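Data block for protein.json (JSON, C-alpha atoms):
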```json
[["chain", "number", "residue", "atom", "x", "y", "z"],
["A", 3, "MET", "CA", -38.29, 25.57, 9.98],
["A", 4, "PHE", "CA", -36.68, 22.36, 11.28],
["A", 5, "PHE", "CA", -36.56, 20.99, 14.81],
["A", 6, "LEU", "CA", -34.15, 18.60, 16.50],
["A", 7, "THR", "CA", -34.78, 14.95, 15.60],
["A", 8, "GLU", "CA", -34.12, 12.17, 18.09],
["A", 9, "LEU", "CA", -30.86, 11.40, 16.26],
["A", 10, "GLY", "CA", -29.93, 15.09, 16.09],
["A", 11, "ALA", "CA", -30.69, 15.55, 19.78],
["A", 12, "ARG", "CA", -28.48, 12.62, 20.75],
["A", 13, "LEU", "CA", -25.57, 13.89, 18.67],
["A", 14, "LYS", "CA", -25.96, 17.46, 19.96],
["A", 15, "GLU", "CA", -26.11, 16.20, 23.57],
["A", 16, "ALA", "CA", -22.87, 14.28, 23.06],
["A", 17, "ARG", "CA", -21.27, 17.37, 21.45],
["A", 18, "LEU", "CA", -22.22, 19.60, 24.37],
["A", 19, "ALA", "CA", -21.00, 16.97, 26.84],
["A", 20, "LYS", "CA", -17.61, 17.18, 25.13],
["A", 21, "GLY", "CA", -17.73, 20.96, 25.40],
["A", 22, "TYR", "CA", -17.55, 21.44, 21.61],
["A", 23, "SER", "CA", -19.13, 24.32, 19.77],
["A", 24, "LEU", "CA", -20.24, 23.89, 16.17],
["A", 25, "GLU", "CA", -17.08, 25.78, 15.12],
["A", 26, "ASP", "CA", -14.94, 23.35, 17.16],
["A", 27, "LEU", "CA", -16.67, 20.35, 15.56],
["A", 28, "GLN", "CA", -16.22, 21.87, 12.11],
["A", 29, "GLU", "CA", -12.47, 22.16, 12.74],
["A", 30, "ILE", "CA", -12.26, 18.54, 14.00],
["A", 31, "THR", "CA", -14.36, 16.83, 11.30],
["A", 32, "LYS", "CA", -13.69, 19.27, 8.40],
["A", 33, "ILE", "CA", -17.47, 19.20, 7.76],
["A", 34, "GLN", "CA", -19.01, 22.59, 7.00],
["A", 35, "LYS", "CA", -20.97, 24.13, 9.88],
["A", 36, "ARG", "CA", -24.20, 24.33, 7.89],
["A", 37, "TYR", "CA", -24.09, 20.58, 7.32],
["A", 38, "LEU", "CA", -23.53, 19.98, 11.05],
["A", 39, "ILE", "CA", -26.60, 22.14, 11.82],
["A", 40, "GLY", "CA", -28.55, 20.23, 9.18],
["A", 41, "ILE", "CA", -27.67, 16.91, 10.88],
["A", 42, "GLU", "CA", -28.81, 18.16, 14.29],
["A", 43, "GLU", "CA", -32.08, 19.56, 12.85],
["A", 44, "GLY", "CA", -32.70, 16.58, 10.54],
["A", 45, "ASN", "CA", -32.51, 18.90, 7.50],
["A", 46, "TYR", "CA", -30.85, 16.46, 5.09],
["A", 47, "SER", "CA", -32.07, 18.29, 1.98],
["A", 48, "ILE", "CA", -29.06, 20.65, 2.11],
["A", 49, "MET", "CA", -26.59, 17.73, 1.87],
["A", 50, "PRO", "CA", -24.79, 16.94, -1.44],
["A", 51, "GLY", "CA", -26.51, 13.51, -1.47],
["A", 52, "SER", "CA", -27.78, 10.62, 0.65],
["A", 53, "PHE", "CA", -24.34, 9.03, 0.68],
["A", 54, "TYR", "CA", -22.85, 12.12, 2.34],
["A", 55, "VAL", "CA", -25.62, 12.18, 4.97],
["A", 56, "ARG", "CA", -24.47, 8.79, 6.29],
["A", 57, "ALA", "CA", -20.79, 9.66, 5.94],
["A", 58, "PHE", "CA", -21.18, 13.01, 7.80],
["A", 59, "ILE", "CA", -23.24, 11.38, 10.59],
["A", 60, "LYS", "CA", -20.47, 8.78, 11.07],
["A", 61, "GLN", "CA", -17.84, 11.53, 11.21],
["A", 62, "TYR", "CA", -19.94, 13.52, 13.69],
["A", 63, "ALA", "CA", -20.51, 10.47, 15.93],
["A", 64, "GLU", "CA", -16.82, 9.49, 15.96],
["A", 65, "ALA", "CA", -15.77, 13.06, 16.81],
["A", 66, "VAL", "CA", -18.04, 13.21, 19.89],
["A", 67, "GLY", "CA", -17.08, 9.75, 21.15],
["A", 68, "LEU", "CA", -20.11, 7.71, 20.03],
["A", 69, "ASP", "CA", -20.13, 4.34, 18.26],
["A", 70, "ALA", "CA", -20.79, 5.41, 14.67],
["A", 71, "GLU", "CA", -21.96, 1.98, 13.48],
["A", 72, "GLN", "CA", -24.37, 1.65, 16.40],
["A", 73, "ILE", "CA", -25.76, 5.13, 15.72],
["A", 74, "ILE", "CA", -26.42, 4.24, 12.06],
["A", 75, "THR", "CA", -28.11, 0.99, 13.15],
["A", 76, "ASP", "CA", -30.26, 2.58, 15.90],
["A", 77, "TYR", "CA", -31.54, 5.42, 13.72],
["A", 78, "ARG", "CA", -31.61, 3.68, 10.37],
["A", 79, "SER", "CA", -35.23, 4.72, 9.80],
["A", 80, "ASP", "CA", -34.34, 8.43, 10.31],
["A", 81, "ILE", "CA", -31.45, 8.42, 7.84],
["A", 82, "PRO", "CA", -32.15, 8.55, 4.08],
["A", 83, "MET", "CA", -31.00, 5.47, 2.22],
["A", 84, "VAL", "CA", -28.23, 5.77, -0.35],
["A", 85, "GLN", "CA", -29.81, 5.61, -3.80],
["A", 86, "LYS", "CA", -28.38, 3.15, -6.29],
["A", 87, "GLU", "CA", -28.27, 5.96, -8.83],
["A", 88, "GLU", "CA", -25.76, 7.85, -6.65],
["A", 89, "VAL", "CA", -23.44, 4.87, -6.39],
["A", 90, "ALA", "CA", -23.66, 4.12, -10.12],
["A", 91, "GLN", "CA", -23.54, 7.75, -11.29],
["A", 92, "SER", "CA", -19.82, 7.84, -11.96],
["A", 93, "PHE", "CA", -20.02, 4.64, -14.05],
["A", 94, "THR", "CA", -22.96, 5.47, -16.33],
["A", 95, "LYS", "CA", -20.79, 7.51, -18.69],
["A", 96, "SER", "CA", -18.49, 4.60, -19.54],
["A", 97, "PRO", "CA", -20.17, 1.15, -19.07],
["A", 98, "SER", "CA", -17.65, -0.65, -21.22],
["A", 99, "ARG", "CA", -14.77, 0.68, -19.14],
["A", 100, "ARG", "CA", -16.55, -0.45, -15.95],
["A", 101, "LYS", "CA", -16.92, -3.99, -17.30],
["A", 102, "MET", "CA", -13.30, -4.07, -18.42],
["A", 103, "THR", "CA", -12.12, -2.84, -15.00],
["A", 104, "ALA", "CA", -14.23, -5.43, -13.13],
["A", 105, "ALA", "CA", -12.99, -8.24, -15.39],
["A", 106, "SER", "CA", -9.39, -7.04, -15.02],
["A", 107, "ASN", "CA", -9.64, -6.93, -11.21],
["A", 108, "SER", "CA", -11.19, -10.41, -11.14],
["A", 109, "LYS", "CA", -8.43, -11.86, -13.34],
["A", 110, "MET", "CA", -5.77, -10.13, -11.23],
["A", 111, "MET", "CA", -7.13, -11.66, -8.01],
["A", 112, "GLU", "CA", -7.22, -15.14, -9.62],
["A", 113, "ALA", "CA", -3.67, -14.82, -10.98],
["A", 114, "MET", "CA", -2.15, -13.30, -7.80],
["A", 115, "PRO", "CA", -1.21, -16.66, -6.09],
["A", 116, "LYS", "CA", 0.34, -17.95, -9.33],
["A", 117, "LEU", "CA", 2.25, -14.70, -9.77],
["A", 118, "ILE", "CA", 3.68, -14.89, -6.24],
["A", 119, "VAL", "CA", 4.80, -18.52, -6.76],
["A", 120, "ALA", "CA", 6.41, -17.58, -10.10],
["A", 121, "LEU", "CA", 8.30, -14.68, -8.52],
["A", 122, "PHE", "CA", 9.68, -16.91, -5.75],
["A", 123, "ALA", "CA", 10.72, -19.50, -8.36],
["A", 124, "ILE", "CA", 12.58, -16.83, -10.36],
["A", 125, "VAL", "CA", 14.40, -15.60, -7.23],
["A", 126, "ILE", "CA", 15.44, -19.15, -6.31],
["A", 127, "LEU", "CA", 16.66, -19.79, -9.89],
["A", 128, "ILE", "CA", 18.77, -16.59, -9.81],
["A", 129, "VAL", "CA", 20.35, -17.59, -6.47],
["A", 130, "ILE", "CA", 21.21, -21.12, -7.70],
["A", 131, "THR", "CA", 22.69, -19.77, -10.96],
["A", 132, "THR", "CA", 24.79, -17.20, -9.08],
["A", 133, "LEU", "CA", 26.18, -19.81, -6.65],
["A", 134, "TYR", "CA", 27.01, -22.18, -9.52],
["A", 135, "MET", "CA", 28.89, -19.45, -11.43],
["A", 136, "GLN", "CA", 30.85, -18.50, -8.27],
["A", 137, "LYS", "CA", 31.85, -22.13, -7.71],
["A", 138, "ALA", "CA", 32.92, -22.54, -11.35],
["A", 139, "LYS", "CA", 35.11, -19.43, -11.21],
["A", 140, "SER", "CA", 36.83, -20.52, -7.98],
["A", 141, "VAL", "CA", 38.12, -23.89, -9.40],
["A", 142, "PRO", "CA", 41.76, -23.50, -10.60],
["A", 143, "ASP", "CA", 42.54, -24.46, -14.15],
["A", 144, "VAL", "CA", 44.71, -27.47, -13.22],
["A", 145, "VAL", "CA", 44.65, -29.00, -16.67],
["A", 146, "GLU", "CA", 46.25, -25.99, -18.35],
["A", 147, "GLU", "CA", 49.03, -25.75, -15.75],
["A", 148, "ASN", "CA", 49.81, -29.49, -16.01],
["A", 149, "ASN", "CA", 49.92, -29.35, -19.81],
["A", 150, "LYS", "CA", 52.35, -26.39, -19.93],
["A", 151, "PRO", "CA", 55.73, -27.58, -21.31],
["A", 152, "ILE", "CA", 58.77, -27.43, -18.96],
["A", 153, "GLU", "CA", 62.01, -26.09, -20.40],
["A", 154, "TYR", "CA", 65.35, -27.61, -19.35],
["A", 155, "GLU", "CA", 68.95, -26.48, -19.68],
["A", 156, "GLN", "CA", 72.05, -28.64, -19.58],
["A", 157, "ASN", "CA", 74.37, -28.30, -16.58],
["A", 158, "PRO", "CA", 77.84, -29.79, -17.12],
["A", 159, "ASN", "CA", 78.19, -30.50, -13.38],
["A", 160, "SER", "CA", 74.93, -32.40, -13.13],
["A", 161, "THR", "CA", 73.49, -35.34, -14.97],
["A", 162, "GLN", "CA", 69.87, -34.26, -14.21],
["A", 163, "PRO", "CA", 68.12, -31.63, -16.34],
["A", 164, "LYS", "CA", 67.25, -28.40, -14.52],
["A", 165, "PRO", "CA", 63.86, -26.76, -15.13],
["A", 166, "VAL", "CA", 63.97, -23.20, -16.43],
["A", 167, "VAL", "CA", 61.60, -20.73, -14.75],
["A", 168, "THR", "CA", 60.32, -18.08, -17.17],
["A", 169, "GLU", "CA", 59.12, -14.53, -16.44],
["A", 170, "GLU", "CA", 55.58, -15.64, -17.21],
["A", 171, "ASP", "CA", 55.78, -18.27, -14.44],
["A", 172, "ASP", "CA", 57.03, -15.66, -11.94],
["A", 173, "ALA", "CA", 54.14, -13.33, -12.77],
["A", 174, "GLU", "CA", 51.60, -16.12, -12.30],
["A", 175, "GLU", "CA", 53.08, -17.05, -8.88],
["A", 176, "ASP", "CA", 52.89, -13.42, -7.67],
["A", 177, "GLU", "CA", 49.26, -12.96, -8.65],
["A", 178, "GLU", "CA", 46.70, -13.47, -5.88],
["A", 179, "PRO", "CA", 43.41, -15.14, -6.76],
["A", 180, "VAL", "CA", 40.53, -12.68, -7.08],
["A", 181, "GLU", "CA", 37.32, -13.76, -5.38],
["A", 182, "PRO", "CA", 34.15, -12.98, -7.36],
["A", 183, "VAL", "CA", 31.76, -10.47, -5.79],
["A", 184, "PRO", "CA", 28.43, -12.16, -5.00],
["A", 185, "THR", "CA", 25.37, -10.51, -6.47],
["A", 186, "GLU", "CA", 22.22, -10.21, -4.39],
["A", 187, "PRO", "CA", 18.98, -11.47, -5.94],
["A", 188, "GLU", "CA", 16.51, -8.79, -6.96],
["A", 189, "VAL", "CA", 13.76, -8.22, -4.36],
["A", 190, "VAL", "CA", 10.25, -7.73, -5.74],
["A", 191, "GLN", "CA", 7.53, -5.79, -3.93],
["A", 192, "VAL", "CA", 4.58, -7.98, -2.88],
["A", 193, "ILE", "CA", 1.17, -6.79, -1.66],
["A", 194, "SER", "CA", -0.56, -9.50, 0.37],
["A", 195, "PRO", "CA", -4.23, -10.37, -0.21],
["A", 196, "GLY", "CA", -6.36, -8.04, 1.89],
["A", 197, "VAL", "CA", -7.81, -9.26, 5.20],
["A", 198, "ALA", "CA", -11.31, -7.81, 5.63],
["A", 199, "GLU", "CA", -12.87, -6.95, 8.99],
["A", 200, "GLY", "CA", -15.98, -4.77, 8.82],
["A", 201, "GLU", "CA", -15.15, -1.59, 6.91],
["A", 202, "ASN", "CA", -11.39, -2.25, 7.27],
["A", 203, "THR", "CA", -9.24, -4.19, 4.80],
["A", 204, "THR", "CA", -5.59, -4.69, 5.85],
["A", 205, "TYR", "CA", -2.75, -5.32, 3.37],
["A", 206, "GLU", "CA", 0.91, -6.11, 4.17],
["A", 207, "VAL", "CA", 3.52, -4.64, 1.80],
["A", 208, "THR", "CA", 6.84, -6.54, 1.63],
["A", 209, "GLY", "CA", 9.96, -6.52, -0.54],
["A", 210, "THR", "CA", 10.38, -2.72, -0.33],
["A", 211, "GLU", "CA", 11.71, -0.05, 2.02],
["A", 212, "THR", "CA", 9.18, 2.65, 1.05],
["A", 213, "LEU", "CA", 5.44, 3.25, 1.50],
["A", 214, "ASN", "CA", 4.42, 5.96, -0.95],
["A", 215, "VAL", "CA", 0.60, 6.23, -1.05],
["A", 216, "ARG", "CA", -1.39, 7.75, -3.94],
["A", 217, "VAL", "CA", -5.18, 7.98, -4.42],
["A", 218, "GLU", "CA", -6.47, 8.88, -7.89],
["A", 219, "LEU", "CA", -10.11, 10.03, -8.14],
["A", 220, "SER", "CA", -12.57, 9.82, -11.04],
["A", 221, "GLY", "CA", -15.50, 11.32, -9.13],
["A", 222, "LEU", "CA", -16.50, 13.33, -6.04],
["A", 223, "THR", "CA", -15.69, 11.50, -2.79],
["A", 224, "TRP", "CA", -14.34, 11.91, 0.76],
["A", 225, "VAL", "CA", -10.67, 10.97, 1.31],
["A", 226, "GLY", "CA", -8.59, 11.02, 4.49],
["A", 227, "ILE", "CA", -5.20, 9.48, 5.38],
["A", 228, "ARG", "CA", -4.18, 8.82, 9.02],
["A", 229, "ASN", "CA", -1.23, 7.16, 10.75],
["A", 230, "GLU", "CA", -1.46, 4.32, 13.28],
["A", 231, "GLN", "CA", -2.12, 6.86, 16.06],
["A", 232, "ARG", "CA", -5.15, 8.13, 14.05],
["A", 233, "GLN", "CA", -3.43, 11.45, 13.33],
["A", 234, "GLU", "CA", -4.34, 13.08, 10.02],
["A", 235, "GLN", "CA", -1.47, 13.04, 7.48],
["A", 236, "VAL", "CA", -3.35, 14.93, 4.74],
["A", 237, "GLU", "CA", -6.42, 17.15, 4.95],
["A", 238, "ALA", "CA", -9.51, 14.92, 5.15],
["A", 239, "LYS", "CA", -12.24, 16.39, 2.96],
["A", 240, "SER", "CA", -14.26, 15.89, -0.22],
["A", 241, "TYR", "CA", -12.13, 15.76, -3.38],
["A", 242, "ASN", "CA", -13.27, 16.15, -6.99],
["A", 243, "ALA", "CA", -12.77, 14.03, -10.09],
["A", 244, "GLY", "CA", -9.21, 14.34, -11.40],
["A", 245, "ASP", "CA", -7.73, 15.13, -7.96],
["A", 246, "ILE", "CA", -4.76, 13.10, -6.70],
["A", 247, "VAL", "CA", -4.12, 12.67, -2.95],
["A", 248, "GLU", "CA", -0.54, 11.63, -2.08],
["A", 249, "HIS", "CA", 1.47, 10.96, 1.09],
["A", 250, "ASP", "CA", 4.87, 9.40, 1.85],
["A", 251, "SER", "CA", 4.06, 7.07, 4.77],
["A", 252, "THR", "CA", 7.49, 5.38, 4.79],
["A", 253, "GLU", "CA", 8.49, 6.81, 8.18],
["A", 254, "ASN", "CA", 5.14, 5.78, 9.71],
["A", 255, "GLY", "CA", 5.24, 2.32, 8.12],
["A", 256, "TYR", "CA", 1.43, 2.50, 8.20],
["A", 257, "ALA", "CA", -1.37, 4.29, 6.39],
["A", 258, "ARG", "CA", -5.17, 4.19, 6.94],
["A", 259, "ILE", "CA", -6.99, 5.53, 3.89],
["A", 260, "ARG", "CA", -10.66, 6.46, 4.47],
["A", 261, "LEU", "CA", -12.68, 6.35, 1.23],
["A", 262, "GLY", "CA", -16.22, 7.76, 1.17],
["A", 263, "ASN", "CA", -16.86, 6.24, -2.25],
["A", 264, "SER", "CA", -14.29, 3.60, -3.20],
["A", 265, "LYS", "CA", -16.03, 3.10, -6.56],
["A", 266, "VAL", "CA", -14.44, 6.31, -7.89],
["A", 267, "ALA", "CA", -11.04, 5.92, -6.18],
["A", 268, "LYS", "CA", -7.96, 3.89, -7.04],
["A", 269, "VAL", "CA", -5.27, 3.33, -4.37],
["A", 270, "TYR", "CA", -1.61, 2.86, -5.31],
["A", 271, "VAL", "CA", 1.42, 1.97, -3.14],
["A", 272, "ASN", "CA", 4.82, 2.64, -4.74],
["A", 273, "ASP", "CA", 3.00, 3.04, -8.11],
["A", 274, "VAL", "CA", 1.39, -0.43, -7.83],
["A", 275, "GLU", "CA", -2.43, -0.51, -7.65],
["A", 276, "VAL", "CA", -3.96, -2.14, -4.56],
["A", 277, "PRO", "CA", -6.83, -4.49, -5.59],
["A", 278, "TYR", "CA", -9.96, -4.09, -3.45],
["A", 279, "THR", "CA", -10.90, -7.20, -1.49],
["A", 280, "GLN", "CA", -14.35, -5.87, -0.52],
["A", 281, "ASP", "CA", -17.03, -4.50, -2.82],
["A", 282, "ARG", "CA", -18.05, -1.75, -0.38],
["A", 283, "THR", "CA", -18.75, 1.86, -1.15],
["A", 284, "THR", "CA", -17.41, 3.25, 2.13],
["A", 285, "GLN", "CA", -14.32, 1.46, 3.43],
["A", 286, "ASN", "CA", -10.89, 1.88, 5.02],
["A", 287, "ILE", "CA", -7.77, 0.63, 3.21],
["A", 288, "ILE", "CA", -4.98, -0.10, 5.75],
["A", 289, "LEU", "CA", -1.40, -0.53, 4.44],
["A", 290, "LYS", "CA", 1.36, -1.95, 6.69],
["A", 291, "LEU", "CA", 5.03, -1.88, 5.62],
["A", 292, "VAL", "CA", 6.75, -5.14, 6.67],
["A", 293, "LYS", "CA", 10.54, -4.86, 6.31],
["A", 294, "GLU", "CA", 12.99, -7.75, 5.88],
["A", 295, "GLU", "CA", 14.11, -7.84, 9.52],
["A", 296, "GLN", "CA", 10.47, -7.95, 10.65],
["A", 297, "GLN", "CA", 9.80, -10.93, 8.35],
["A", 298, "GLY", "CA", 12.74, -12.78, 9.89],
["A", 299, "GLU", "CA", 11.26, -12.34, 13.36]]
```
Write-out of the structure in structure tokens:
Amino acid sequence: MFFLTELGARLKEARLAKGYSLEDLQEITKIQKRYLIGIEEGNYSIMPGSFYVRAFIKQYAEAVGLDAEQIITDYRSDIPMVQKEEVAQSFTKSPSRRKMTAASNSKMMEAMPKLIVALFAIVILIVITTLYMQKAKSVPDVVEENNKPIEYEQNPNSTQPKPVVTEEDDAEEDEEPVEPVPTEPEVVQVISPGVAEGENTTYEVTGTETLNVRVELSGLTWVGIRNEQRQEQVEAKSYNAGDIVEHDSTENGYARIRLGNSKVAKVYVNDVEVPYTQDRTTQNIILKLVKEEQQGE
């Protein structure tokens, strides 16, 4: 039989002060009722793992209006530590793939500034080439017109030759010059380097009008997607390996992706993978869509 711990008592007191029953809290946090009871009684043995104990306590604290980070700090000794084996479990089956992924991410981060500069250089080159071609097309072919022979016919009443206008000349005079249609340079999507602040990492997405978010999972982890008003856009819960969580956040222009275990999750925006700036297990990936008119401001 388990009794309320000091941490459990504080959380339960805050829950009752909010007027929430365990069923209400289960609906808000999407955490099963038996796990909520286990948190209040300090019975962590029923949890899926130490990682989920900390994650569920944070969810509980946020739902009842407490500072989750402060709660974790104040009661650190009462909460089981996350074992290294749990974090590394999903990588033990394929060590070579883990090394390749880490090396690939490192190279991508190093090459990102060079890639951005190269893309801007390509765009500028396209614009200059287009303007040059437009200017070349707009210059009349004076040399050809001046070199065209002029035909004359004799007039008995005049001593000066009279030029003969042909049908070809009439057709050329009637034609109006056609202005070339300018072509717009291709716009390339750019994901800015992430700005880290605590558990949050914020990325700005430019060069696109859409914000399609996809999370691909290779292991069990918690995933939730919210808008800027902290409203859930997909069901926040634990997902299994092989699951894919998707949401079109174009209308919101913003997406906050909560990852319980980022080590087994890959985040994509418009089919382009977002490189992690922080090497944290639990973190929030925030994507902001910056449109062309907003950049001009």
Note to self: So that I can see what lies close to A:Ile30, please list as an MDAnalysis selection string the residues with an atom at most 10 Å from it, counting only C-alpha atoms and leaving out residues fewer than 5 positions away in the same chain.
What the structure shows: chainID A and resid 22 24:25 61:62 65:66 238
Check: Got a sec: who's within 6 Å of stretch 67-84 of chain A, counting only C-alpha atoms, leaving out chain neighbours fewer than 3 positions off, as a ChimeraX atom specification?
Finding: /A:52-53,60,63-64
Item checked: Non-local contacts of A:Thr283 (10 Å; only C-alpha atoms; under 4 positions in same chain excluded) as number ranges by chain -> A: 53, 89, 201, 261-266
Check: Contacts of A:Gly244 at 12 Å or less, counting all atoms listed in the file, minus same-chain residues fewer than 4 places along, as a PyMOL selection string?
Finding: chain A and resi 217-223+266-268
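We find atom CA of A:Pro50 and atom CA of A:Arg36 to be spaced 11.9 Å apart.
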